[in-house]
Every structure is written in C-alpha cells, then in structure tokens.
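Visitor: I have a structure here, written as structure tokens, and I will follow up with some questions on it.
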Amino acid sequence: MPAQLEIDHVTTGYGKVEVLHDVSLAVPPGSVVALLGPNGAGKTTTLRAISGTLPVWQGRISLDGRTISGRSAYEIALRGLTLVPEGRGIFPGLDVRENIAIGANAARGLRGAERSRNIDRVLELFPRLRERMDQRAGTLSGGEQQMLSLSRAFLASPRVLMMDEISMGLAPTIVEQLFDSVATLKAEGLTIVLVEQYLTYALRFADLCYVMAKGSVAFVGEPAELQGSDALTSSYLGVG
Ligand SMILES: Nc1ncnc2c1ncn2[C@@H]1O[C@H](COP(=O)(O)OP(=O)(O)OP(=O)(O)O)[C@@H](O)[C@H]1O
Ligand SMILES: [Mg+2]
C-alpha cells in the first residue's frame with residue numbers, strides 16, 4: 001500500500017547547522033507510526049519539517065501522493081495535516097470556549113451543523129473541558145491544557161494527526177485519558193504520527209516504530225521487534 005505521508009531523504013536544520021541527515025519515513029494510511037529516540041535526536045525537527053514550519057533543504061515530503069515540502073505551513077494544514085506541537089499550542093489569555101472556537105474556525109471548510117457536531121464530539125472525549133468553558137486556558141492544569149490542545153487539533157478534522165510528546169509532564173492517570181482519546185481516533189482509522197519519550201504508550205499504539213538518533217533514522221520496525229531488541233532499547237532510549 002502506498003504511504004499516505006512520505007518523507008523522502010530529507011535534510012534540514014537551523015541556521016547553517018544541519019540537524020536532520022537524509023531522513024526517510026513512510027506512514028501508511030490508517031496506521032499509527034511512533035517516532036522515538038533520546039532528547040535532541042531530531043523528532044520535533046522532523047515534525048516541523050513535515051508541517052512546513054521549517055524549510056526542507058534537500059529531499060521531498062508528500063501527503064496523499066502530492067508534494068507538500070516547499071508549501072507554507074498554512075497550505076499544508078489546509079491539506080489535512082495537523083500538528084499538536086510540543087508544549088501545547090493554546091492561547092493562554094483566552095478562555096476554553098474561545099480556544100475551541102478558534103480551533104473550529106481554523107478547520108478546513110467546517111461550518112454549521114458539522115462544526116457543532118465536531119465541537120460536541122471533542123467535549124464528549126474530554127468532559128472536563130465542558131465544565132471549564134469560561135476558564136482562561138492559561139489557568140488550566142497541565143493535563144487540562146493538553147486536553148484543550150488535542151481538542152483543537154481534532155476539530156481540524158485532520159487526515160494525518162501528528163502529536164509531539166503529549167504525555168510530557170503529566171500524571172499517569174491523565175496520560176491514560178489522553179491515550180484513550182488517541183485510541184478512539186485510531187479505531188476510527190485516522191493516520192497518526194506520535195512522538196513519545198515513554199515507550200509503553202508508543203509500543204501499545206504503534207503499528208510501526210522509527211527510532212531516531214543524532215538526526216538520522218537508526219531503526220525501523222514493528223513494536224515487537226523493538227521490544228525484542230535490548231540493545232536498541234537501552235542505547236537509544238535509555239528506559240525499560
Ligand atoms: N530552533 C532551534 N535552533 C537551533 N537548534 C535547534 C533548534 N531547535 C532544535 N535545535 C537542535 O536540533 C537538535 C534536534 O532537536 P529536536 O528538538 O528535534 O530534538 P527532539 O528529538 O525533539 O528532542 P526532545 O526529546 O528533547 O524533544 C538538537 O540538537 C537541538 O538543540
Ligand atoms: Mg522534541
């Protein structure tokens with residue numbers, strides 16, 4: 001099956017410093033692909049290159065067979081690629097209702113009944129947000145902010161959803177709730193790219209894992225292969 005999202009021999013970096021060296025990834029439609037690796041490996045940089053917030057120096061990125069590298073982040077988002085950025089992309093000074101409204105407005109051609117249906121759906125996924133509609137987003141707890149950030153991404157009706165360490169700094173029970181919502185989307189057939197430091201969640205949800213190290217792909221395989229490989233686990237991830 002052809003990949004829905006394809007990163008083909010991509011090189012990029014910041015200023016003059018090359019950070020990604022000849023990175024290739026293929027994300028099959030309807031799959032969950034985990035991007036793993038230690039701090040500084042280039043995971044976030046890879047997501048930035050895909051989402052168009054960082055220009056690609058060499059190589060090509062395509063979505064549904066069409067080249068997206070070289071397009072603006074806005075055009076790429078309109079084509080259905082949504083990124084939940086590292087550190088939560090919300091507007092802290094606005095309340096929950098306003099944040100959700102902006103997410104829904106930014107969604108591709110979403111209006112009227114479909115718009116309200118999508119809003120109802122994210123509030124079903126995260127009932128805690130419904131109780132806090134008038135609270136300023138910046139005063140939500142870390143877990144609630146992450147729920148809001150995910151809600152905004154879901155509202156965009158993405159074709160491919162990329163998430164950068166949504167579990168960062170959160171209590172295990174909140175992380176479980178977040179991943180329950182990810183599981184729901186996975187079951188609906190959404191294509192997901194997941195960056196995670198914690199192996200447990202990545203291995204539970206992923207169909208395919210890419211391990212990055214020093215800006216290159218060091219390993220690609222199914223979770224079972226990764227779990228079976230102690231050397232890879234300890235050297236690249238340093239966790240059990
Ligand atoms: N804006 C930037 N300017 C210069 N260098 C950067 C910038 N962002 C990241 N880097 C560097 O690029 C390399 C890859 O960083 P990146 O954020 O992609 O790593 P990561 O795999 O996401 O790590 P982490 O798990 O800590 O989030 C690091 O050496 C980092 O210092
Ligand atoms: Mg990162």
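Chain labels run A, B, ... following the order of the structure tokens; each chain numbers its residues from 1, and ligands are numbered from 1 in the order shown.
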Mind listing the residues within 12 Å of ligand 1, only C-alpha atoms and all ligand atoms counted, as a ChimeraX atom specification?
Guide: /A:12-21,35-49,53-54,85-87,163-168,194-198,210-217,236-237
Visitor: Counting only C-alpha atoms, what is within 10 Å of Ile76 of chain A, bar same-chain residues fewer than 5 positions away, as a list in words?
Guide: Ile50, Ser51, Gly52, Thr53, Leu63, Thr67, Ile68, Ser69, Gly70, Arg71, Leu81 and Thr82 of chain A
Visitor: Which value, in Å to one decimal, gives the distance between atom CA of Val23 of chain A and atom CA of Gly221 of chain A?
Guide: 15.3 Å
Visitor: Taking into account only C-alpha atoms, which residue in the set A:Val33, A:Ile192, A:Ala101, A:Ala187 is nearest to Leu148 of chain A?
Guide: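 Distance minimum relative to Leu148 of chain A lands on A:Ala101.
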Visitor: So how far away is atom CA of Ser157 of chain A from atom CA of Gly103 of chain A, in Å?
Guide: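 Interatomic distance, atom CA of Gly103 of chain A to atom CA of Ser157 of chain A: 10.1 Å.
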Visitor: Please compute the atom CA of Arg121 of chain A-atom CA of Gly89 of chain A distance, one decimal, in Å.
Guide: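 The value is 19.9 Å.
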Visitor: Find the residues near Phe91 of chain A: any atom within 12 Å, counting only C-alpha atoms, skip ones fewer than 3 places away on the same chain, and give them as JSON, numbers by chain.
Guide: {"A": [87, 88, 94, 95, 96, 97, 98, 99, 100, 101, 102, 103, 135, 136, 137, 138, 139, 140, 145, 146, 148, 149, 152]}
Visitor: Apply DSSP to the structure's backbone, then extract all residues of segment 32-220 of chain A labelled strand (DSSP E) and return them as a PyMOL selection string.
Guide: chain A and resi 32-36+58-63+66-67+81-84+160-164+191-195+208-213+216-220
